[in-house]
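Novice: Supplied in structure tokens, the structure appears directly below.
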Amino acid sequence: MSNSRAQNPFTEITCREHAITQADIKSHGWKPALAASQQRQDAIAKLIVSSVSGGIACQAGCWYCCYFKVDVHAEEVFRIVDYVRAKFSPARVARLQEELAANTTTLQALSTQGQLTANLKCAFLDNGQCSIYEVRPARCKTFHAKDVEGCKKSYEDPNDLSIPSSFIPELSHAGEAHLKGFRQALADAGYDTNAYELNAAMALALADSTPKRRFEKHKKAFVGLTSNK
Ligand code: SF4
């Protein structure tokens with residue numbers, strides 16, 4: 001990726017992340033590269049949040065945005081699986097698997113539009129808190145709002161798509177730019193960069209190691225799941 005001409009800040013984020021991740025994958029493999037990339041994404045988000053006048057409305061215990069459909073990528077799913085296996089009791093894993101299966105069944109019965117307005121509780125939302133916060137999907141990290149009212153209204157009336165988003169655009173754009181760079185490097189190394197629905201992908205990855213083995217062999221990780229780039 002050329003750095004030769006003047007670039008907007010988001011393009012610069014993409015280019016920098018692409019170069020760093022390319023080198024990281026080459027030297028250390030995809031897993032450490034992912035962990036390091038997520039730390040950089042957090043650092044960028046922290047910097048942007050600190051510059052938002054009046055601060056942000058997000059705080060622990062606020063969960064309105066945890067009723068959206070979430071897209072994830074294979075490498076994130078495997079990191080979450082490792083976390084769940086390390087931190088959750090077997091009984092909690094079993095409960096999680098039940099909720100993932102139920103959410104998957106519900107979502108797969110809906111149209112694309114229906115999935116966007118389903119208001120389905122995320123399987124990882126536990127007592128109003130994200131139970132995998134440290135390794136939550138990158139998509140979730142781009143959701144930060146200045147005003148809780150917009151999130152609340154969208155939650156209460158999910159079919160009203162005219163409610164303006166209260167998410168902070170700079171944070172979303174910077175997050176997306178960062179992820180674009182990371183995934184370009186992952187694609188360069190031959191890995192699956194499709195996006196999958198969180199519940200369905202997690203259910204398969206928790207059930208057995210086939211998706212991870214396929215990913216490591218540079219194949220599409222989740223066979224049978226619809227995906228998009
Ligand atoms: S993974 Fe965590 S942050 Fe993301 S929607 Fe689920 S509970 Fe919310």
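Numbering starts fresh at 1 for the residues of each chain in the structure tokens, the chains themselves are lettered A, B, ... in the order given, and ligands are numbered from 1 as they appear.
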Considering only C-alpha atoms, return as a list in words whatever protein or nucleic-acid residues lie within 10 Å of stretch 45-50 of chain A, sequence-local ones (same chain, fewer than 3 positions apart) excluded.

Specialist: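 Within the cut-off, the hits are Gln39, Arg40, Gln41, Asp42, Ser53, Gly54, Gly55, Ile56, Lys141, Thr142, His144, Ala145, Lys146, Ile168, Glu170, Leu171, Ser172, Ala174 and Gly175 of chain A.
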
Novice: Residues as selected, N, CA and C atoms, written as a compact mmCIF listing (two decimals), in the first residue's frame, can you do that?

Specialist:
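And here's selection-v4.txt as it stands now:
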```txt
# COMPACT_ATOMS: atom_id res chain seq x y z
N GLN A 39 -5.04 -4.33 20.70
CA GLN A 39 -4.52 -3.34 21.67
C GLN A 39 -4.36 -1.98 21.01
N ARG A 40 -3.89 -1.99 19.75
CA ARG A 40 -3.74 -0.71 19.05
C ARG A 40 -5.10 -0.08 18.79
N GLN A 41 -6.10 -0.92 18.44
CA GLN A 41 -7.45 -0.38 18.22
C GLN A 41 -7.98 0.27 19.50
N ASP A 42 -7.74 -0.40 20.63
CA ASP A 42 -8.19 0.16 21.92
C ASP A 42 -7.51 1.50 22.20
N SER A 53 -15.78 16.23 23.21
CA SER A 53 -16.20 17.24 24.18
C SER A 53 -17.47 16.76 24.90
N GLY A 54 -17.44 16.88 26.20
CA GLY A 54 -18.57 16.42 27.02
C GLY A 54 -18.49 14.93 27.33
N GLY A 55 -17.47 14.24 26.79
CA GLY A 55 -17.28 12.81 27.07
C GLY A 55 -18.31 11.94 26.37
N ILE A 56 -18.29 10.66 26.69
CA ILE A 56 -19.23 9.73 26.06
C ILE A 56 -20.25 9.23 27.08
N LYS A 141 -16.52 -2.71 19.57
CA LYS A 141 -15.65 -1.63 20.02
C LYS A 141 -15.87 -0.33 19.26
N THR A 142 -16.55 -0.43 18.11
CA THR A 142 -16.79 0.80 17.34
C THR A 142 -18.10 1.47 17.77
N HIS A 144 -19.75 3.52 20.30
CA HIS A 144 -19.66 4.41 21.45
C HIS A 144 -20.58 5.58 21.16
N ALA A 145 -21.39 5.95 22.14
CA ALA A 145 -22.38 7.00 21.88
C ALA A 145 -22.13 8.23 22.75
N LYS A 146 -22.52 9.36 22.21
CA LYS A 146 -22.43 10.62 22.98
C LYS A 146 -23.68 10.82 23.82
N ILE A 168 -20.53 7.81 17.82
CA ILE A 168 -19.55 8.86 17.51
C ILE A 168 -18.87 8.51 16.18
N GLU A 170 -16.35 9.64 14.35
CA GLU A 170 -14.88 9.52 14.26
C GLU A 170 -14.41 8.17 14.79
N LEU A 171 -15.07 7.73 15.85
CA LEU A 171 -14.67 6.47 16.48
C LEU A 171 -15.00 5.28 15.56
N SER A 172 -16.19 5.33 14.96
CA SER A 172 -16.58 4.26 14.03
C SER A 172 -15.65 4.25 12.83
N ALA A 174 -12.59 5.50 12.51
CA ALA A 174 -11.22 5.10 12.86
C ALA A 174 -11.16 3.59 13.11
N GLY A 175 -12.17 3.07 13.79
CA GLY A 175 -12.22 1.62 14.05
C GLY A 175 -12.29 0.83 12.76
```

Novice: I need the residues in stretch 74-196 of chain A that are helix (DSSP H, G or I) according to DSSP; give them as a VMD selection string.

Specialist: chain A and resid 74 to 87 90 to 108 112 to 116 133 to 135 138 to 141 148 to 156 169 to 188

Novice: Smallest atom-to-atom distance to ligand 1: which of A:Val77, A:Ala221, A:Ala86, A:Leu186, using only C-alpha atoms and all ligand atoms?

Specialist: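 Closest candidate: A:Val77.
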
Novice: Do you know which residues are within 10 Å of ligand 1 using only C-alpha atoms and all ligand atoms? Can you write them as a count of residues only?

Specialist: 38

Novice: Which of these, A:Ala201, A:Ala35, A:Ala177, A:Ala185, has the shortest distance to A:Ala23 once you count only C-alpha atoms?

Specialist: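 Nearest candidate to A:Ala23 out of A:Ala201, A:Ala35, A:Ala177, A:Ala185: A:Ala185.
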
Novice: Here is a test: counting only C-alpha atoms, which residue of A:His173, A:Ala118, A:Asn103, A:Lys180 is nearest to A:Glu197?

Specialist: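 Among the listed residues, the smallest separation from A:Glu197 belongs to A:Asn103.
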
Novice: Atom CA of A:Phe222 and atom CA of A:Leu204, how far apart in Å?

Specialist: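 Computing the Euclidean distance for atom CA of A:Leu204 and atom CA of A:Phe222 yields 7.6 Å.
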
Novice: List as a PyMOL selection string the protein and nucleic acid residues near A:Leu34, meaning an atom at most 12 Å away when only C-alpha atoms are counted, but skip any in the same chain fewer than 2 places from it.

Specialist: chain A and resi 17-18+20-25+28-32+36-41+73-80+135+137-138+178-179+181-183+185-186

Novice: Would you mind exporting the chosen residues as a short mmCIF file (atom, residue, chain, number, x, y, z; two decimals), in the first residue's frame, restricted to N, CA and C atoms?

Specialist:
```cif
data_model
loop_
_atom_site.label_atom_id
_atom_site.label_comp_id
_atom_site.auth_asym_id
_atom_site.auth_seq_id
_atom_site.Cartn_x
_atom_site.Cartn_y
_atom_site.Cartn_z
N GLU A 17 -1.79 0.20 9.95
CA GLU A 17 -2.17 -1.09 10.53
C GLU A 17 -1.85 -2.24 9.59
N HIS A 18 -2.04 -2.00 8.30
CA HIS A 18 -1.71 -3.02 7.29
C HIS A 18 -0.23 -3.39 7.39
N ILE A 20 2.00 -2.86 9.85
CA ILE A 20 2.40 -3.44 11.15
C ILE A 20 1.92 -4.89 11.23
N THR A 21 0.66 -5.12 10.83
CA THR A 21 0.12 -6.48 10.94
C THR A 21 0.82 -7.44 9.97
N GLN A 22 1.13 -6.96 8.78
CA GLN A 22 1.85 -7.81 7.83
C GLN A 22 3.14 -8.32 8.48
N ALA A 23 3.88 -7.39 9.09
CA ALA A 23 5.16 -7.76 9.72
C ALA A 23 4.92 -8.70 10.90
N ASP A 24 3.88 -8.39 11.68
CA ASP A 24 3.58 -9.21 12.86
C ASP A 24 3.20 -10.64 12.48
N ILE A 25 2.36 -10.78 11.45
CA ILE A 25 1.94 -12.13 11.03
C ILE A 25 3.17 -12.91 10.57
N HIS A 28 5.33 -13.50 13.93
CA HIS A 28 4.77 -14.16 15.11
C HIS A 28 3.54 -15.02 14.83
N GLY A 29 2.91 -14.89 13.66
CA GLY A 29 1.69 -15.65 13.38
C GLY A 29 0.45 -14.81 13.63
N TRP A 30 -0.70 -15.33 13.18
CA TRP A 30 -1.93 -14.53 13.21
C TRP A 30 -2.43 -14.22 14.61
N LYS A 31 -2.20 -15.15 15.56
CA LYS A 31 -2.79 -14.99 16.89
C LYS A 31 -2.16 -13.80 17.65
N PRO A 32 -0.82 -13.78 17.82
CA PRO A 32 -0.22 -12.60 18.47
C PRO A 32 -0.48 -11.33 17.67
N ALA A 36 -2.16 -7.98 19.33
CA ALA A 36 -1.48 -6.68 19.27
C ALA A 36 -2.33 -5.66 18.53
N SER A 37 -2.99 -6.10 17.47
CA SER A 37 -3.83 -5.19 16.69
C SER A 37 -5.00 -4.70 17.53
N GLN A 38 -5.58 -5.59 18.31
CA GLN A 38 -6.72 -5.18 19.15
C GLN A 38 -6.26 -4.16 20.21
N GLN A 39 -5.04 -4.33 20.70
CA GLN A 39 -4.52 -3.34 21.67
C GLN A 39 -4.36 -1.98 21.01
N ARG A 40 -3.89 -1.99 19.75
CA ARG A 40 -3.74 -0.71 19.05
C ARG A 40 -5.10 -0.08 18.79
N GLN A 41 -6.10 -0.92 18.44
CA GLN A 41 -7.45 -0.38 18.22
C GLN A 41 -7.98 0.27 19.50
N HIS A 73 -15.41 -11.83 12.68
CA HIS A 73 -14.49 -12.51 11.77
C HIS A 73 -13.91 -13.72 12.49
N ALA A 74 -13.47 -14.67 11.68
CA ALA A 74 -13.08 -15.97 12.24
C ALA A 74 -12.02 -15.84 13.34
N GLU A 75 -11.00 -15.02 13.09
CA GLU A 75 -9.90 -14.95 14.08
C GLU A 75 -10.41 -14.42 15.42
N GLU A 76 -11.40 -13.51 15.37
CA GLU A 76 -11.96 -12.98 16.62
C GLU A 76 -12.72 -14.08 17.36
N VAL A 77 -13.44 -14.88 16.59
CA VAL A 77 -14.23 -15.97 17.19
C VAL A 77 -13.29 -16.92 17.94
N PHE A 78 -12.16 -17.27 17.33
CA PHE A 78 -11.25 -18.22 17.99
C PHE A 78 -10.65 -17.61 19.26
N ARG A 79 -10.43 -16.30 19.24
CA ARG A 79 -9.90 -15.65 20.45
C ARG A 79 -10.96 -15.68 21.56
N ILE A 80 -12.20 -15.46 21.18
CA ILE A 80 -13.29 -15.50 22.17
C ILE A 80 -13.45 -16.92 22.72
N VAL A 135 -12.21 -9.29 25.15
CA VAL A 135 -11.99 -9.85 23.80
C VAL A 135 -13.24 -9.70 22.94
N PRO A 137 -15.98 -8.59 20.19
CA PRO A 137 -15.73 -8.36 18.76
C PRO A 137 -15.36 -6.91 18.45
N ALA A 138 -14.53 -6.78 17.44
CA ALA A 138 -14.09 -5.43 17.04
C ALA A 138 -15.28 -4.54 16.71
N HIS A 178 -8.97 0.98 10.92
CA HIS A 178 -8.00 0.10 11.58
C HIS A 178 -8.25 -1.36 11.17
N LEU A 179 -9.51 -1.76 11.22
CA LEU A 179 -9.86 -3.15 10.89
C LEU A 179 -9.59 -3.46 9.43
N GLY A 181 -7.19 -2.26 7.61
CA GLY A 181 -5.75 -2.51 7.49
C GLY A 181 -5.38 -3.88 8.01
N PHE A 182 -5.93 -4.23 9.17
CA PHE A 182 -5.64 -5.54 9.77
C PHE A 182 -6.08 -6.66 8.82
N ARG A 183 -7.29 -6.52 8.27
CA ARG A 183 -7.83 -7.61 7.44
C ARG A 183 -7.15 -7.68 6.07
N ALA A 185 -4.01 -7.25 5.72
CA ALA A 185 -2.79 -8.03 6.00
C ALA A 185 -3.13 -9.51 6.18
N LEU A 186 -4.25 -9.77 6.82
CA LEU A 186 -4.68 -11.16 7.02
C LEU A 186 -4.97 -11.83 5.66
#
```

Novice: With a distance cut-off of 12 Å and only C-alpha atoms, select the neighbouring residues of A:Ala207, excluding the residue or stretch itself and same-chain residues fewer than 6 positions from it, and output the selection as a list in words.

Specialist: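 Near A:Ala207, the qualifying residues are Phe78, Val81, Arg85, Val93, Ala94, Leu96, Gln97, Glu98, Leu100, Ala101, Ala200 and Ala201 of chain A.
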
Novice: Could you tell me how far atom CA of A:Ser166 sits from atom CA of A:Glu149, in Å to one decimal place?

Specialist: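 Computing the Euclidean distance for atom CA of A:Glu149 and atom CA of A:Ser166 yields 8.0 Å.
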
Novice: Run DSSP on the backbone and tell me which residues of stretch 57-197 of chain A come out as strand (DSSP E or B); list them as a PyMOL selection string.

Specialist: chain A and resi 71-73+125-126+129-130+145+167+195-197

Novice: Next, dump the selected residues to file, keeping only C-alpha atoms, as an mmCIF file, in the first residue's frame.

Specialist:
```
data_model
loop_
_atom_site.group_PDB
_atom_site.id
_atom_site.type_symbol
_atom_site.label_atom_id
_atom_site.label_comp_id
_atom_site.auth_asym_id
_atom_site.auth_seq_id
_atom_site.Cartn_x
_atom_site.Cartn_y
_atom_site.Cartn_z
ATOM 1 C CA ASP A 71 -20.857 -9.587 12.580
ATOM 2 C CA VAL A 72 -17.539 -11.163 13.537
ATOM 3 C CA HIS A 73 -14.493 -12.514 11.765
ATOM 4 C CA LEU A 125 -24.686 -10.113 27.815
ATOM 5 C CA ASP A 126 -24.742 -11.236 31.427
ATOM 6 C CA GLN A 129 -22.489 -6.502 31.297
ATOM 7 C CA CYS A 130 -20.459 -7.964 28.448
ATOM 8 C CA ALA A 145 -22.379 6.999 21.883
ATOM 9 C CA PHE A 167 -22.663 6.715 17.738
ATOM 10 C CA ALA A 195 -17.659 -11.768 8.195
ATOM 11 C CA TYR A 196 -20.003 -14.196 9.948
ATOM 12 C CA GLU A 197 -22.961 -13.815 12.297
#
```

Novice: Measuring atom to atom with only C-alpha atoms, identify which of A:Asp160, A:Met202, A:Asp192, A:Asp208 is nearest to A:Gln113.

Specialist: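 Result for the nearest residue to A:Gln113: A:Asp160.
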
Novice: If I take atom CA of A:Ala187 and atom CA of A:Pro9, how far is one from the other in Å, to one decimal?

Specialist: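 These atoms are spaced 22.5 Å apart.
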